[in-house]
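So this one's protein.cif, mmCIF, C-alpha atoms and all ligand atoms:
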data_structure
#
loop_
_atom_site.label_atom_id
_atom_site.label_comp_id
_atom_site.auth_asym_id
_atom_site.auth_seq_id
_atom_site.Cartn_x
_atom_site.Cartn_y
_atom_site.Cartn_z
CA MET A 299 -4.24 -12.45 -21.25
CA LEU A 300 -6.49 -11.87 -18.28
CA ILE A 301 -9.45 -13.84 -17.01
CA LYS A 302 -11.43 -12.15 -14.26
CA ILE A 303 -13.31 -14.68 -12.19
CA ASP A 304 -16.86 -13.58 -11.43
CA SER A 305 -16.17 -13.13 -7.73
CA ASP A 306 -19.29 -13.91 -5.71
CA PHE A 307 -17.03 -14.59 -2.70
CA SER A 308 -17.76 -18.32 -3.01
CA THR A 309 -14.37 -18.95 -4.59
CA ASP A 310 -10.94 -18.08 -3.31
CA VAL A 311 -9.62 -17.54 -6.84
CA ILE A 312 -10.09 -13.94 -7.96
CA GLU A 313 -8.18 -13.74 -11.23
CA ARG A 314 -6.06 -15.78 -13.62
CA GLY A 315 -3.80 -14.44 -16.33
CA THR A 316 -0.32 -14.44 -17.77
CA ILE A 317 2.48 -12.09 -16.85
CA THR A 318 6.00 -11.46 -18.14
CA LEU A 319 8.66 -11.84 -15.47
CA ILE A 320 11.79 -9.71 -15.24
CA ASN A 321 13.70 -12.36 -17.24
CA GLY A 322 11.28 -11.91 -20.16
CA ILE A 323 9.56 -15.28 -19.69
CA GLU A 324 5.76 -15.24 -19.73
CA LYS A 325 4.10 -17.30 -16.98
CA PRO A 326 0.54 -18.00 -15.88
CA TYR A 327 -0.46 -16.40 -12.56
CA VAL A 328 -3.33 -16.87 -10.15
CA ILE A 329 -4.58 -14.29 -7.65
CA ARG A 330 -6.42 -15.82 -4.72
CA LEU A 331 -7.45 -15.08 -1.15
CA LEU A 332 -4.91 -16.05 1.47
CA ASN A 333 -5.74 -17.90 4.67
CA THR A 334 -3.95 -19.13 7.79
CA ASP A 335 -2.46 -22.06 5.82
CA ASP A 336 -0.46 -19.49 3.79
CA LEU A 337 1.23 -17.95 6.84
CA THR A 338 4.56 -19.73 6.40
CA ASP A 339 4.78 -18.84 2.71
CA ILE A 340 4.02 -15.18 3.45
CA MET A 341 6.76 -15.09 6.08
CA ILE A 342 9.24 -16.69 3.64
CA LEU A 343 8.35 -14.14 0.93
CA GLN A 344 8.55 -11.27 3.42
CA ASP A 345 11.98 -12.41 4.71
CA SER A 346 13.41 -12.80 1.23
CA ILE A 347 12.16 -9.36 0.08
CA LEU A 348 13.02 -7.41 3.22
CA LYS A 349 16.55 -8.76 3.48
CA ASN A 350 17.25 -7.39 -0.02
CA LEU A 351 15.63 -3.99 0.48
CA GLY A 352 18.79 -1.92 0.27
CA LEU A 353 17.29 0.74 2.50
CA SER A 354 15.79 -1.04 5.51
CA GLU A 355 13.42 1.81 6.42
CA LEU A 356 11.43 1.27 3.17
CA ALA A 357 9.23 -1.38 4.77
CA VAL A 358 8.53 -2.79 8.23
CA ALA A 359 8.18 -6.54 8.72
CA LEU A 360 4.94 -7.88 10.15
CA THR A 361 5.38 -10.38 12.97
CA ASN A 362 3.92 -13.88 12.90
CA ASP A 363 1.25 -12.78 15.41
CA GLU A 364 0.29 -9.68 13.40
CA LEU A 365 -0.06 -11.73 10.23
CA SER A 366 -2.06 -14.46 11.99
CA PHE A 367 -4.41 -11.79 13.34
CA ILE A 368 -5.11 -10.49 9.81
CA LEU A 369 -5.50 -13.97 8.31
CA ASP A 370 -7.75 -15.05 11.18
CA GLY A 371 -10.74 -13.10 9.89
CA ASN A 372 -9.73 -9.59 10.94
CA GLY A 373 -8.77 -8.55 7.44
CA ASP A 374 -8.52 -9.62 3.83
CA SER A 375 -5.31 -10.81 2.16
CA LEU A 376 -4.57 -11.59 -1.46
CA GLY A 377 -1.66 -13.46 -2.99
CA THR A 378 -0.33 -13.79 -6.52
CA PHE A 379 1.00 -17.26 -7.30
CA ILE A 380 3.30 -18.29 -10.13
CA SER A 381 3.94 -22.00 -10.67
CA GLY A 382 2.27 -22.56 -7.30
CA GLU A 383 4.65 -20.23 -5.45
CA LEU A 384 3.56 -17.08 -3.63
CA ARG A 385 5.20 -14.14 -5.42
CA ALA A 386 3.20 -11.13 -4.20
CA CYS A 387 0.74 -10.35 -1.43
CA CYS A 388 -1.23 -7.49 0.06
CA SER A 389 -3.40 -7.19 3.19
CA LEU A 390 -6.17 -4.91 4.33
CA LEU A 391 -7.02 -4.92 8.05
CA TRP A 392 -10.65 -4.14 8.97
CA ASN A 393 -10.67 -4.83 12.70
CA VAL A 394 -7.96 -2.38 13.62
CA PRO A 395 -6.74 -2.69 17.23
CA ASP A 396 -6.66 0.68 18.95
CA ASN A 397 -2.92 0.62 19.63
CA ILE A 398 -2.06 0.42 15.92
CA ASN A 399 -4.89 2.57 14.53
CA MET A 400 -3.13 5.10 12.27
CA ALA A 401 -6.01 7.60 12.59
CA LYS A 402 -4.95 8.21 16.21
CA GLU A 403 -2.14 10.29 14.69
CA LEU A 404 -4.86 12.67 13.45
CA GLY A 405 -6.79 12.74 16.74
CA PHE A 406 -9.90 10.92 15.43
CA ASP A 407 -12.62 10.31 18.05
CA ALA A 408 -13.57 6.77 19.18
CA TYR A 409 -16.40 6.38 16.66
CA SER A 410 -14.26 7.57 13.72
CA LEU A 411 -11.46 5.21 14.81
CA SER A 412 -13.94 2.33 14.48
CA GLN A 413 -14.55 3.40 10.86
CA VAL A 414 -10.92 2.88 9.86
CA GLU A 415 -9.44 0.12 7.73
CA GLN A 416 -5.76 0.10 6.89
CA PHE A 417 -3.26 -1.49 4.54
CA GLU A 418 -0.82 -3.59 6.52
CA MET A 419 1.41 -5.32 4.02
CA ALA A 420 2.43 -5.15 0.37
CA LEU A 421 5.13 -7.37 -1.05
CA VAL A 422 6.05 -8.00 -4.67
CA HIS A 423 8.96 -10.30 -5.48
CA SER A 424 11.64 -8.58 -7.59
CA ASP A 425 10.95 -11.05 -10.48
CA LEU A 426 7.49 -9.58 -10.79
CA ARG A 427 7.99 -5.84 -10.21
CA GLY A 428 6.87 -3.10 -12.54
CA HIS A 429 3.42 -4.56 -13.39
CA LYS A 430 1.54 -2.43 -10.82
CA MET A 431 0.82 -5.65 -8.92
CA GLN A 432 0.62 -3.82 -5.58
CA GLN A 433 -2.01 -1.51 -7.06
CA LYS A 434 -3.93 -4.41 -8.60
CA LEU A 435 -4.12 -6.33 -5.30
CA ALA A 436 -4.91 -3.19 -3.29
CA THR A 437 -7.71 -2.23 -5.69
CA ILE A 438 -9.35 -5.65 -5.41
CA LEU A 439 -9.11 -5.47 -1.60
CA ILE A 440 -10.75 -2.03 -1.55
CA GLU A 441 -13.59 -3.17 -3.83
CA ARG A 442 -14.22 -6.26 -1.70
CA SER A 443 -14.19 -4.23 1.50
CA LYS A 444 -16.68 -1.70 0.12
CA ILE A 445 -19.17 -4.59 -0.11
CA THR A 446 -18.31 -6.53 3.03
CA HIS A 447 -17.28 -3.91 5.59
CA GLN A 448 -18.14 -0.43 4.33
CA LYS A 449 -15.52 1.36 6.41
CA ARG A 450 -15.39 5.12 5.90
CA TYR A 451 -11.63 5.74 6.09
CA LEU A 452 -8.75 3.92 4.39
CA PHE A 453 -5.36 4.57 5.99
CA THR A 454 -1.78 3.64 5.35
CA THR A 455 1.71 4.76 6.23
CA VAL A 456 4.57 4.87 3.76
CA SER A 457 8.24 5.78 3.77
CA PRO A 458 9.11 9.05 1.92
CA HIS A 459 11.72 6.95 0.06
CA ASN A 460 9.29 4.29 -1.21
CA PHE A 461 8.58 5.54 -4.75
CA PRO A 462 6.38 2.62 -5.96
CA SER A 463 4.31 2.58 -2.77
CA ILE A 464 3.70 6.35 -2.75
CA GLN A 465 2.77 6.03 -6.43
CA THR A 466 0.33 3.23 -5.61
CA ILE A 467 -1.43 4.95 -2.74
CA THR A 468 -1.75 8.34 -4.42
CA SER A 469 -3.12 6.61 -7.56
CA LEU A 470 -5.74 5.02 -5.31
CA GLY A 471 -6.76 8.50 -4.14
CA LEU A 472 -5.15 8.55 -0.68
CA ASN A 473 -3.69 11.93 0.27
CA ILE A 474 -0.62 12.47 2.42
CA VAL A 475 -1.83 14.34 5.50
CA LYS A 476 1.04 14.10 7.99
CA LEU A 477 4.76 13.44 8.17
CA THR A 478 5.91 11.94 11.43
CA LYS A 479 8.36 9.53 13.07
CA MET A 480 7.12 5.95 13.50
CA TYR A 481 8.60 2.44 13.67
CA ASN A 482 12.28 2.64 14.76
CA ASN A 483 12.01 6.44 14.59
CA TRP A 484 11.80 6.30 10.80
CA ASN A 485 10.04 9.02 8.82
CA ARG A 486 6.60 8.05 7.62
CA TYR A 487 3.87 9.75 5.65
CA ILE A 488 0.38 9.11 6.99
CA ALA A 489 -2.08 8.99 4.11
CA TYR A 490 -5.79 8.38 4.00
CA LYS A 491 -8.93 8.54 1.90
CA ASP A 492 -12.42 9.39 3.18
CA PHE A 493 -14.93 7.41 1.09
CA SER A 494 -17.82 9.61 2.28
CA TYR A 495 -16.32 13.01 1.62
CA GLU A 496 -13.90 13.91 -1.14
CA GLN A 497 -11.46 16.58 0.01
CA LEU A 498 -11.00 18.87 -3.00
CA LEU A 499 -7.55 20.29 -3.69
CA ASP A 500 -6.68 23.35 -5.75
CA LYS A 501 -4.49 21.57 -8.29
CA SER A 502 -4.07 24.76 -10.33
CA GLN A 503 -1.44 25.63 -7.70
CA VAL A 504 1.03 22.78 -7.13
CA VAL A 505 4.01 22.99 -4.78
CA GLU A 506 6.81 20.49 -5.59
CA VAL A 507 9.00 19.42 -2.66
CA LEU A 508 11.95 17.03 -2.39
CA ASN A 509 10.87 13.96 -0.35
CA THR A 510 13.67 14.58 2.16
CA ASP A 511 12.83 18.25 2.79
CA TYR A 512 10.94 17.36 5.95
CA THR A 513 10.72 20.93 7.29
CA LYS A 514 9.00 22.29 4.18
CA GLN A 515 6.64 19.31 3.90
CA LYS A 516 5.60 19.57 7.56
CA HIS A 517 5.00 23.30 7.14
CA LEU A 518 2.77 22.69 4.09
CA LEU A 519 0.84 19.87 5.79
CA GLU A 520 0.24 22.02 8.88
CA ASN A 521 -1.05 24.83 6.66
CA GLY A 522 -3.81 23.13 4.73
CA TYR A 523 -1.83 21.36 2.00
CA ARG A 524 -2.07 17.68 1.08
CA GLY A 525 0.38 15.48 -0.85
CA PHE A 526 -1.45 13.97 -3.80
CA SER A 527 1.15 12.74 -6.31
CA LEU A 528 4.87 12.36 -7.01
CA LYS A 529 7.44 12.33 -9.79
CA LYS A 530 11.18 11.92 -10.24
CA ASP A 531 13.42 14.83 -11.25
CA LYS A 532 16.28 14.56 -13.77
CA ASN A 533 18.63 13.38 -11.00
CA ASN A 534 16.19 10.58 -10.02
CA ASN A 535 15.20 12.37 -6.79
CA ILE A 536 11.66 11.83 -5.54
CA ILE A 537 9.52 14.98 -5.69
CA ILE A 538 6.18 15.08 -3.84
CA LEU A 539 3.37 17.25 -5.25
CA PHE A 540 1.26 19.24 -2.76
CA SER A 541 -1.87 21.34 -3.24
CA LYS A 542 -4.03 23.28 -0.81
CA ILE A 543 -7.44 22.09 0.36
CA ILE A 544 -10.18 24.21 -1.22
C1 LIG B 1 6.47 -1.60 -3.16
C2 LIG B 1 6.28 -2.81 -4.07
C3 LIG B 1 5.24 -3.72 -3.41
C4 LIG B 1 5.79 -2.31 -5.43
O1 LIG B 1 5.88 -3.34 -6.39
P1 LIG B 1 5.13 -3.22 -7.80
O2 LIG B 1 3.66 -3.29 -7.60
O3 LIG B 1 5.73 -4.21 -8.71
O4 LIG B 1 5.55 -1.75 -8.25
P2 LIG B 1 4.99 -0.95 -9.51
O5 LIG B 1 4.73 -1.85 -10.65
O6 LIG B 1 3.87 -0.07 -9.06
O7 LIG B 1 6.21 -0.01 -9.84
C5 LIG B 1 6.07 1.39 -9.94
C6 LIG B 1 7.38 1.93 -10.39
O8 LIG B 1 8.38 1.74 -9.40
C7 LIG B 1 9.42 0.90 -9.91
N1 LIG B 1 9.72 -0.01 -8.81
C8 LIG B 1 8.99 -1.04 -8.37
N2 LIG B 1 9.58 -1.57 -7.29
C9 LIG B 1 10.71 -0.86 -7.07
C10 LIG B 1 11.73 -0.92 -6.10
N3 LIG B 1 11.71 -1.83 -5.11
N4 LIG B 1 12.75 -0.02 -6.19
C11 LIG B 1 12.76 0.91 -7.13
N5 LIG B 1 11.80 1.03 -8.08
C12 LIG B 1 10.80 0.14 -8.05
C13 LIG B 1 8.84 0.23 -11.12
O9 LIG B 1 9.83 -0.08 -12.05
C14 LIG B 1 7.91 1.29 -11.65
O10 LIG B 1 8.60 2.32 -12.32
P3 LIG B 1 7.92 3.07 -13.58
O11 LIG B 1 6.62 3.66 -13.07
O12 LIG B 1 8.93 4.09 -13.94
O13 LIG B 1 7.69 1.99 -14.58
C15 LIG B 1 7.60 -3.60 -4.25
O14 LIG B 1 8.58 -2.72 -4.75
C16 LIG B 1 8.09 -4.23 -2.97
O15 LIG B 1 7.74 -5.35 -2.62
N6 LIG B 1 8.95 -3.51 -2.25
C17 LIG B 1 9.52 -3.99 -1.00
C18 LIG B 1 8.50 -4.05 0.12
C19 LIG B 1 7.77 -2.73 0.29
O16 LIG B 1 8.35 -1.66 0.21
N7 LIG B 1 6.46 -2.82 0.55
C20 LIG B 1 5.62 -1.67 0.77
C21 LIG B 1 5.73 -1.22 2.17
S1 LIG B 1 4.55 0.04 2.45
#
Whole structure given in C-alpha cells:
Amino acid sequence: MLIKIDSDFSTDVIERGTITLINGIEKPYVIRLLNTDDLTDIMILQDSILKNLGLSELAVALTNDELSFILDGNGDSLGTFISGELRACCSLLWNVPDNINMAKELGFDAYSLSQVEQFEMALVHSDLRGHKMQQKLATILIERSKITHQKRYLFTTVSPHNFPSIQTITSLGLNIVKLTKMYNNWNRYIAYKDFSYEQLLDKSQVVEVLNTDYTKQKHLLENGYRGFSLKKDKNNNIIILFSKII
C-alpha cells in the first residue's frame, strides 16, 4: 500500500506506505525531509551500515561537518522511517563547494560548475534492501530540485564494485563518463546527466566490459563511449555496458 502525500513543500512528510522487511514482516514506513535535528540519527545509521560493508571502498563516510552543511539548507535530504527509526536516507547537494565539485574532473568552466548538483549520500539498512529504496529517494530528490533549483547537471561518483548503486544511477539516466582514482586512491566512476541536452548513444552496438578491467574501460571512455547500464554474468561478476556517443 502506498499513499503519496500531495507535496506542496509545506509538509515534511512526502510518502507513507507499507514495506516488507528482510524477515518477511510488513511494516508501515514514512518518507520525510531530514533536518539538522536528524544529524545524530544519520551518523548512527551511517556508522552501522559502513562498518558492515564487507568491502570498505564501496562507500565513503560523510563527516559530521559535511552532513551539517547539507542539512543546513545547502541541499535536500530524505529519510525513510520504520517504527520511528531512520532506516534509509539520501542527500542531494545543490550548493556544491568548489573543492568537492565532481565536474572539475571533466574540466567544466566556472559557470558550468555553478550549474552542478550532486548526490552525496545513500544509505539503506540491510533490513530494507532490495526495494529500490535508494532509487525512490533519489527520484523524489531530483523532482524536488527540478522545481526549486533547476540545476543543469546532476553528478555522482560510484565504486565499480557497487552493483545496486550503479544500477540506481544508470536507471536514473546518468552515464558513466570517467574512471579515476578518488577518496583513499579508490577507483571511482564519475557519472552525470545533463538535463538540458540528452547525449544520444548508439545502443545497437554495445560493448560489455568486466567492472575491474580498468584499462579497457578507460580506453572506451577516452574514445567517445559512455557506460549506461550493467548486468551480472553467470559467475556473478559485474559487467558494465558501454555504447558510443552518436
Ligand atoms: C547501495 C544501497 C543504498 C542500495 O540499497 P537498495 O536501494 O535497497 O538497493 P536496490 O533495491 O536497488 O537493490 C538492487 C539490487 O542489488 C541488490 N543489493 C542491494 N544492496 C546490496 C548490497 N549491499 N550488496 C549486494 N547486493 C545488494 C538487491 O538485492 C537488488 O538485486 P536484484 O536487482 O537482483 O533484485 C545499499 O546497498 C547500501 O546502503 N549500501 C551501503 C552504502 C552504499 O554503498 N551507499 C552508496 C554509496 S554511493
request  = List all protein, DNA and RNA residues that have an atom no more than 7 Å from any atom of ligand LIG 1 (chain B), counting all atoms listed in the file, and report them as a PyMOL selection string.
outcome  = chain A and resi 347-348+351+356-358+419-423+426-433+455-457+460-463+465-466
query = For the atom pair CA of Lys514 in chain A and CA of Lys529 in chain A, what is the interatomic distance in Å to one decimal place?
reply =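 It comes out at 17.2 Å.
Taking CA of Ile474 in chain A as the reference point, CA of Lys530 in chain A is found at 17.3 Å.
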request  = Excluding Leu365 in chain A and any residue of its chain fewer than 3 positions from it, enumerate the residues within 12 Å of it, using only C-alpha atoms, and give them as a VMD selection string.
outcome  = chain A and resid 332 to 341 344 359 to 362 368 to 375 387 to 391 418 to 419
Nearby residues (only C-alpha atoms) at most 12 Å from Asn321 in chain A, same-chain spacing under 2 positions excluded, as a list in words = Ile317, Thr318, Leu319, Ile323, Glu324, Lys325, Ser424, Asp425, Leu426 and Arg427 of chain A
ask   = In Å to one decimal, how far is CA of Val475 in chain A from CA of Ser527 in chain A?
value =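 Result for CA of Ser527 in chain A versus CA of Val475 in chain A: 12.3 Å, one decimal.
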Determine, using all atoms listed in the file, which residues of range 434-482 of chain A have any atom at most 7 Å from an atom of range 408-413 of chain A, and tabulate each with its shortest atom pair and distance in Å to one decimal place, rows ordered by chain and then rising number, as a tab-separated table.
residue	atom	partner	partner_atom	distance
A:Lys449	CA	A:Gln413	CA	5.0
A:Arg450	CA	A:Gln413	CA	5.3
A:Tyr451	CA	A:Gln413	CA	6.1
Would you export the selected residues with C-alpha atoms as a PDB file, in the frame of the given file, please?
ATOM      1  CA  LYS A 449     -15.520   1.360   6.410  1.00  0.00           C
ATOM      2  CA  ARG A 450     -15.390   5.120   5.900  1.00  0.00           C
ATOM      3  CA  TYR A 451     -11.630   5.740   6.090  1.00  0.00           C
TER       4      TYR A 451
END
message = Nearest residue to Leu477 in chain A out of A:Tyr490, A:Tyr512, A:Tyr523, A:Phe540, using only C-alpha atoms?
response =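 Ranked by minimum distance to Leu477 in chain A, first place goes to A:Tyr512.
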task = Using all atoms listed in the file, find the one residue out of A:Ala489, A:Ala436, A:Leu498, A:Ala401 that sits nearest to Lys476 in chain A.
result = A:Ala489
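Closest approach to Gly525 in chain A from the set A:Ser366, A:Ser541, A:Ser346, A:Asn399 is made by A:Ser541, with distances taken over all atoms listed in the file.
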task = Could you check which of A:Lys434, A:Lys491, A:Arg442, A:Arg524 is closest to Ile544 in chain A, using all atoms listed in the file?
result =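 Answer, going by the shortest atom-to-atom distance: A:Arg524.
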